[in-house]
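J.: My structure file data-v8.cif, mmCIF, C-alpha atoms and all ligand atoms, is below:
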```cif
data_data
#
loop_
_atom_site.label_atom_id
_atom_site.label_comp_id
_atom_site.auth_asym_id
_atom_site.auth_seq_id
_atom_site.Cartn_x
_atom_site.Cartn_y
_atom_site.Cartn_z
CA MET J 1 -7.22 -12.83 18.06
CA SER J 2 -9.81 -15.57 18.13
CA GLU J 3 -12.07 -15.74 15.13
CA ALA J 4 -15.57 -14.41 15.45
CA GLY J 5 -18.47 -16.19 13.83
CA VAL J 6 -19.87 -19.63 14.36
CA PRO J 7 -17.35 -21.77 16.30
CA GLY J 8 -15.79 -24.25 13.90
CA GLY J 9 -17.72 -22.74 11.01
CA THR J 10 -16.51 -20.60 8.15
CA PRO J 11 -15.46 -17.06 9.07
CA CYS J 12 -18.16 -14.45 8.86
CA HIS J 13 -18.50 -13.05 5.33
CA ARG J 14 -18.92 -9.50 6.59
CA CYS J 15 -15.91 -9.15 8.91
CA GLY J 16 -13.81 -12.09 7.66
CA GLY J 17 -13.61 -13.36 11.24
CA GLY J 18 -11.96 -10.27 12.70
CA GLY J 19 -15.15 -9.22 14.43
CA PHE J 20 -15.24 -5.66 13.10
CA TYR J 21 -15.36 -3.93 9.72
CA TYR J 22 -15.76 -0.62 7.97
CA ASP J 23 -19.37 0.14 7.14
CA PRO J 24 -19.49 2.72 4.31
CA GLN J 25 -23.18 3.32 4.92
CA ILE J 26 -23.63 6.94 5.87
CA GLU J 27 -26.17 7.76 8.50
CA VAL J 28 -24.62 10.63 10.39
CA GLY J 29 -21.96 12.99 9.09
CA ARG J 30 -20.07 12.50 5.86
CA HIS J 31 -18.43 9.11 6.16
CA GLY J 32 -19.15 5.59 7.29
CA GLU J 33 -17.73 4.06 10.43
CA LEU J 34 -15.77 1.20 11.90
CA LYS J 35 -18.20 -1.15 13.56
CA ILE J 36 -18.42 -4.29 15.63
CA CYS J 37 -19.87 -7.03 13.45
CA THR J 38 -23.29 -8.55 14.05
CA CYS J 39 -21.61 -11.96 14.45
CA VAL J 40 -19.89 -10.61 17.58
CA GLU J 41 -22.97 -8.81 18.82
CA ALA J 42 -24.82 -12.13 18.61
CA GLN J 43 -22.39 -13.71 21.11
CA CYS J 44 -21.94 -10.68 23.34
CA ARG J 45 -23.15 -11.06 26.94
CA CYS J 46 -21.76 -7.85 28.43
CA GLY J 47 -23.95 -5.45 26.53
CA GLY J 48 -20.87 -3.92 24.93
CA ARG J 49 -19.90 -2.19 28.16
CA PRO J 50 -16.21 -1.86 29.11
CA PRO J 51 -14.33 -3.72 30.50
CA PHE J 52 -16.37 -6.38 28.60
CA TYR J 53 -16.96 -8.92 31.36
CA PHE J 54 -20.19 -10.64 32.35
CA TRP J 55 -21.56 -12.84 35.16
CA ASP J 56 -22.19 -16.40 34.01
CA ASP J 57 -24.82 -18.84 35.33
CA GLN J 58 -22.55 -19.87 38.22
CA ALA J 59 -22.07 -16.22 39.21
CA ARG J 60 -18.51 -16.20 37.91
CA ASN J 61 -17.17 -13.03 36.37
CA GLN J 62 -16.08 -13.96 32.83
CA ARG J 63 -14.46 -12.15 29.98
CA CYS J 64 -17.10 -11.68 27.29
CA PRO J 65 -16.70 -13.44 23.91
CA CYS J 66 -16.84 -9.98 22.31
CA TRP J 67 -13.65 -8.91 24.08
CA PRO J 68 -11.06 -9.62 21.32
CA ALA J 69 -13.12 -7.87 18.66
CA ARG J 70 -13.85 -4.84 20.83
CA ARG J 71 -10.20 -4.50 21.80
CA GLY J 72 -9.21 -4.93 18.14
CA LEU J 73 -11.62 -2.22 17.11
CA VAL J 74 -10.27 0.21 19.70
CA GLU J 75 -6.76 -0.51 18.47
CA LEU J 76 -7.74 -0.02 14.82
CA LYS J 77 -9.40 3.29 15.62
CA ARG J 78 -6.23 4.38 17.35
CA LEU J 79 -4.18 3.46 14.26
CA PHE J 80 -6.47 5.56 12.07
CA ARG J 81 -6.25 8.50 14.48
CA GLU J 82 -2.48 8.35 14.62
CA ALA J 83 -2.14 8.02 10.84
CA ASP J 84 -2.87 11.73 10.65
CA VAL J 85 -4.62 11.53 7.28
CA PRO J 86 -6.27 14.88 6.39
CA GLU J 87 -9.90 14.94 7.43
CA ARG J 88 -11.37 14.86 3.93
CA TYR J 89 -9.37 11.76 2.99
CA ARG J 90 -9.52 9.99 6.34
CA TRP J 91 -12.32 7.61 5.44
CA LYS J 92 -11.70 7.06 1.75
CA PHE J 93 -11.39 3.46 0.62
CA LEU J 94 -11.28 1.47 -2.57
CA GLY J 95 -15.06 1.37 -2.73
CA ASP J 96 -15.18 5.14 -2.83
CA PHE J 97 -14.38 5.60 -6.45
CA HIS J 98 -15.87 4.31 -9.65
CA ALA J 99 -13.91 3.02 -12.60
CA THR J 100 -16.75 3.86 -14.98
CA THR J 101 -18.69 7.02 -15.71
CA PRO J 102 -22.46 7.10 -15.11
CA GLU J 103 -22.78 6.50 -18.87
CA GLY J 104 -20.81 3.31 -18.50
CA SER J 105 -17.54 4.24 -20.19
CA LEU J 106 -14.28 3.29 -18.51
CA VAL J 107 -12.09 5.79 -16.72
CA ARG J 108 -8.61 4.51 -17.29
CA ILE J 109 -6.85 6.31 -14.46
CA ALA J 110 -9.47 5.22 -11.94
CA GLN J 111 -9.23 1.65 -13.21
CA ASP J 112 -5.46 1.68 -12.84
CA ALA J 113 -5.80 3.20 -9.40
CA ARG J 114 -8.17 0.42 -8.33
CA LEU J 115 -5.71 -2.14 -9.59
CA TYR J 116 -2.79 -0.62 -7.68
CA VAL J 117 -4.76 -0.56 -4.45
CA SER J 118 -6.05 -4.11 -4.91
CA THR J 119 -2.55 -5.48 -5.33
CA LEU J 120 -1.75 -4.12 -1.87
CA THR J 121 -4.54 -5.90 -0.07
CA ASP J 122 -5.33 -9.00 -2.14
CA THR J 123 -2.43 -10.93 -0.66
CA ASP J 124 -1.08 -11.63 2.82
CA ARG J 125 2.40 -10.55 1.79
CA GLU J 126 3.61 -7.10 2.70
CA PRO J 127 3.88 -4.90 -0.40
CA GLU J 128 7.41 -4.91 -1.74
CA ARG J 129 7.29 -1.64 -3.66
CA GLY J 130 5.65 1.66 -3.00
CA PHE J 131 4.42 4.23 -5.49
CA LEU J 132 5.77 7.48 -6.81
CA LEU J 133 2.65 9.32 -7.92
CA HIS J 134 3.64 12.08 -10.28
CA GLY J 135 1.45 14.63 -12.01
CA ARG J 136 0.17 18.16 -12.06
CA PRO J 137 -1.95 19.44 -9.19
CA GLY J 138 -5.54 18.24 -9.16
CA THR J 139 -5.06 14.75 -10.53
CA GLY J 140 -6.02 12.97 -7.31
CA LYS J 141 -2.54 11.92 -6.20
CA THR J 142 -3.10 12.67 -2.53
CA LEU J 143 -6.47 10.94 -2.57
CA LEU J 144 -4.97 7.82 -4.13
CA GLY J 145 -2.09 7.81 -1.64
CA CYS J 146 -4.54 8.10 1.25
CA ILE J 147 -6.73 5.30 -0.10
CA MET J 148 -3.67 3.05 -0.25
CA LEU J 149 -2.74 3.96 3.31
CA ASN J 150 -6.27 3.53 4.64
CA GLU J 151 -6.73 0.17 2.95
CA LEU J 152 -3.44 -1.11 4.33
CA ILE J 153 -4.26 -0.02 7.87
CA LEU J 154 -7.78 -1.45 7.62
CA ASN J 155 -6.67 -4.79 6.22
CA ARG J 156 -3.40 -5.34 8.04
CA HIS J 157 -3.95 -3.56 11.35
CA ARG J 158 -0.48 -2.07 11.28
CA PRO J 159 0.57 1.56 11.75
CA GLY J 160 0.80 4.04 8.90
CA ARG J 161 1.34 7.77 8.63
CA PHE J 162 0.46 10.58 6.30
CA LEU J 163 3.23 13.10 6.16
CA ASN J 164 3.00 16.62 4.89
CA LEU J 165 6.56 17.42 3.97
CA SER J 166 6.64 21.09 4.89
CA LYS J 167 5.08 20.34 8.29
CA TYR J 168 7.64 17.60 8.80
CA LEU J 169 10.55 19.91 8.08
CA GLN J 170 9.09 22.52 10.42
CA GLN J 171 8.69 19.92 13.14
CA LEU J 172 12.32 18.94 12.74
CA ARG J 173 13.44 22.57 12.88
CA ASP J 174 11.49 22.93 16.12
CA THR J 175 13.49 20.15 17.70
CA TYR J 176 16.44 22.55 17.79
CA SER J 177 14.49 25.14 19.74
CA GLU J 178 14.56 24.89 23.51
CA GLU J 179 11.07 26.36 23.72
CA SER J 180 9.58 23.58 21.64
CA GLU J 181 7.86 20.57 23.15
CA HIS J 182 9.83 18.50 20.61
CA TYR J 183 13.18 19.91 21.69
CA GLY J 184 15.95 17.36 21.32
CA GLN J 185 13.74 14.78 19.63
CA THR J 186 15.18 15.07 16.12
CA TRP J 187 16.31 11.48 15.91
CA ARG J 188 13.26 10.08 17.60
CA ILE J 189 11.09 11.71 14.94
CA ILE J 190 13.27 10.64 12.02
CA GLU J 191 13.56 7.13 13.32
CA SER J 192 9.87 6.62 14.02
CA LEU J 193 8.98 7.82 10.51
CA GLY J 194 11.72 5.76 9.00
CA LYS J 195 10.28 2.61 10.54
CA VAL J 196 6.52 3.09 10.40
CA PRO J 197 5.25 0.24 8.17
CA TYR J 198 3.32 2.45 5.74
CA LEU J 199 4.10 6.06 4.92
CA VAL J 200 2.65 8.59 2.48
CA ILE J 201 4.89 11.57 1.87
CA ASP J 202 2.68 14.21 0.35
CA ASP J 203 3.86 16.98 -1.92
CA PHE J 204 7.42 15.81 -2.16
CA GLY J 205 10.01 18.27 -3.45
CA VAL J 206 12.25 20.87 -1.96
CA GLN J 207 13.02 23.10 -4.91
CA ARG J 208 13.58 26.03 -2.59
CA GLY J 209 14.90 23.89 0.23
CA THR J 210 18.15 24.35 2.05
CA GLU J 211 20.97 21.84 2.02
CA TRP J 212 19.83 20.82 5.48
CA ALA J 213 16.29 20.08 4.22
CA LYS J 214 17.64 17.98 1.37
CA GLU J 215 19.87 16.05 3.73
CA VAL J 216 17.00 15.40 6.13
CA LEU J 217 14.86 14.23 3.24
CA TYR J 218 17.54 11.90 2.03
CA ASP J 219 17.87 10.46 5.54
CA LEU J 220 14.17 9.70 5.65
CA VAL J 221 14.10 8.11 2.19
CA ASP J 222 17.28 6.18 2.85
CA THR J 223 16.06 4.83 6.20
CA ARG J 224 12.86 3.61 4.59
CA TYR J 225 14.83 2.08 1.78
CA ALA J 226 17.09 0.24 4.21
CA GLU J 227 14.12 -0.93 6.28
CA LYS J 228 12.23 -1.97 3.12
CA ARG J 229 9.15 -0.02 4.21
CA PHE J 230 6.21 0.70 1.95
CA THR J 231 6.28 4.35 0.89
CA VAL J 232 4.01 6.41 -1.33
CA ILE J 233 5.32 9.72 -2.60
CA THR J 234 3.13 12.30 -4.29
CA THR J 235 4.78 15.10 -6.21
CA ASN J 236 4.08 17.64 -8.89
CA GLN J 237 7.71 18.62 -9.16
CA PRO J 238 9.15 17.95 -12.64
CA LEU J 239 11.05 14.66 -12.56
CA GLY J 240 14.10 16.43 -13.95
CA GLU J 241 14.18 18.55 -10.80
CA LEU J 242 13.77 15.54 -8.54
CA GLN J 243 16.73 13.97 -10.26
CA GLN J 244 18.85 16.96 -9.29
CA LEU J 245 18.21 16.56 -5.56
CA SER J 246 21.26 15.51 -3.57
CA GLN J 247 23.19 14.63 -6.72
CA GLY J 248 20.53 12.18 -7.78
CA ARG J 249 20.82 10.09 -4.62
CA ILE J 250 17.22 10.68 -3.56
CA TYR J 251 15.72 9.99 -6.97
CA SER J 252 17.61 6.75 -7.52
CA ARG J 253 16.48 5.48 -4.13
CA LEU J 254 12.89 6.44 -4.93
CA LEU J 255 12.93 4.55 -8.21
CA GLU J 256 14.19 1.45 -6.48
CA MET J 257 11.57 1.68 -3.76
CA CYS J 258 8.63 2.85 -5.82
CA ARG J 259 6.77 2.22 -9.00
CA LEU J 260 6.53 5.46 -10.98
CA VAL J 261 2.94 6.29 -11.91
CA GLU J 262 2.22 9.22 -14.18
CA MET J 263 -1.11 10.66 -13.16
CA GLU J 264 -2.30 12.55 -16.19
CA GLY J 265 -5.51 13.34 -17.94
CA GLU J 266 -8.72 13.65 -16.10
CA ASP J 267 -9.09 14.05 -12.41
CA PHE J 268 -10.40 10.76 -11.11
CA ARG J 269 -11.73 12.47 -8.02
CA GLN J 270 -14.70 13.35 -10.21
CA HIS J 271 -15.56 9.71 -10.10
CA LEU J 272 -15.78 9.46 -6.36
CA GLN J 273 -18.97 7.94 -5.21
CA PRO J 274 -21.34 10.81 -4.46
CA LYS J 275 -21.90 11.28 -0.74
CA VAL J 276 -25.47 12.16 0.12
ZN ZN W 1 -18.65 -10.90 11.46
ZN ZN W 2 -19.68 -8.45 25.18
#
```
In structure tokens, what does this structure look like?
T.:
Amino acid sequence: MSEAGVPGGTPCHRCGGGGFYYDPQIEVGRHGELKICTCVEAQCRCGGRPPFYFWDDQARNQRCPCWPARRGLVELKRLFREADVPERYRWKFLGDFHATTPEGSLVRIAQDARLYVSTLTDTDREPERGFLLHGRPGTGKTLLGCIMLNELILNRHRPGRFLNLSKYLQQLRDTYSEESEHYGQTWRIIESLGKVPYLVIDDFGVQRGTEWAKEVLYDLVDTRYAEKRFTVITTNQPLGELQQLSQGRIYSRLLEMCRLVEMEGEDFRQHLQPKV
């Protein structure tokens, strides 16, 4: 993609040269939106109308300078749609939570969370390790996992997925049913999830699962391990129980792939920026 902004000048401070950005400002609805940057709008000669061509002074039909940014934005929106993040977490980013209370005291868990997310996006390198977010319900694990996923998609423009484990297992079961639209696609589903660059597996644990479910879970974890793909796992299952799964094979893989984070104490969701 060509860089937006002044030709030969420094990249635009708002969009970093990509030509689009996430604007957290809320005007309609409950979240901000992905927008074309003003630096692109300033050069646009097509009025922002697809297919983004314009007639120049010699009556030649030209591709508009806005074209790469507008295409990039469409692509990014598609990535966010396909990530399947639950609606209430779909537009949550690092800027959405505070590391201090209104009184000014520090919230340790929120501070740590900010740090974890920043390490994912502060460098050009792909993250080497994922996170195993462990703690009782209501500690903000899913929110943190979604923020990590959203920030990675926003900054790296690569695909990611949010996976609800029970839905995943159901989807796989359906692939054995001839009536299902996913009939016969078992391996296609496992493989695509095994390879997607960023994956959040929410509510991990199959304490009542069948041997089949455990095996399927191991396959997914093992594929991601082999592919060295960034994975975030959230779970409230006691670690002792996770260790029991598949004779410890799943847990040992997870510890190699992920940094274990104990999410205890207060719920850092209380420190989300208020949406008005
Ligand atoms: Zn810009
Ligand atoms: Zn244009």
J.: Quote the spacing between atom CA of J:Val216 and atom CA of J:Thr186 in Å to one decimal place.
T.: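 Value for the atom CA of J:Val216-atom CA of J:Thr186 distance: 10.2 Å.
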J.: Just the residues within 10 Å of J:Pro50, please, counting all atoms listed in the file, with nothing from its chain fewer than 5 positions along; format it as JSON, numbers by chain.
T.: {"J": [67, 70, 71]}
J.: Separation of atom CA of J:Val196 and atom CA of J:Arg161, in Å?
T.: 7.2 Å
J.: To check your reading of the model: which residues sit at most 6 Å from ligand ZN 1 (chain W) when counting all atoms listed in the file? Write the answer as a list in words.
T.: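 Counting only what the definition allows, namely all atoms listed in the file, the set is Gly5, Cys12, Arg14, Cys15, Gly17, Gly19, Cys37, Thr38 and Cys39 of chain J.
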J.: With all atoms listed in the file as the counted atoms, please give the residues lying no more than 8 Å from J:Arg90, apart from itself and same-chain residues fewer than 2 positions off, as an MDAnalysis selection string.
T.: chainID J and resid 80 85:88 92 146 150
J.: Name each residue within 10 Å of ligand ZN 2 (chain W), counting all atoms listed in the file, as a PyMOL selection string.
T.: chain J and resi 40-54+63-70
J.: If I take atom CA of J:Thr235 and atom CA of J:Phe162, how far is one from the other in Å, to one decimal?
T.: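 If I compute the distance from atom CA of J:Thr235 to atom CA of J:Phe162, I get 14.0 Å.
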J.: Find, counting all atoms listed in the file, the residue in J:Leu239, J:Leu193, J:Leu172, J:Cys258 that gets nearest to J:His134.
T.: J:Leu239
J.: Could you give me, as a PyMOL selection string, the residues that have an atom at most 12 Å away from the point (5.2, 14.4, 0.6) in the coordinates of the file, using all atoms listed in the file?
T.: chain J and resi 131-134+141-142+145-146+161-169+199-206+217+220-221+231-237
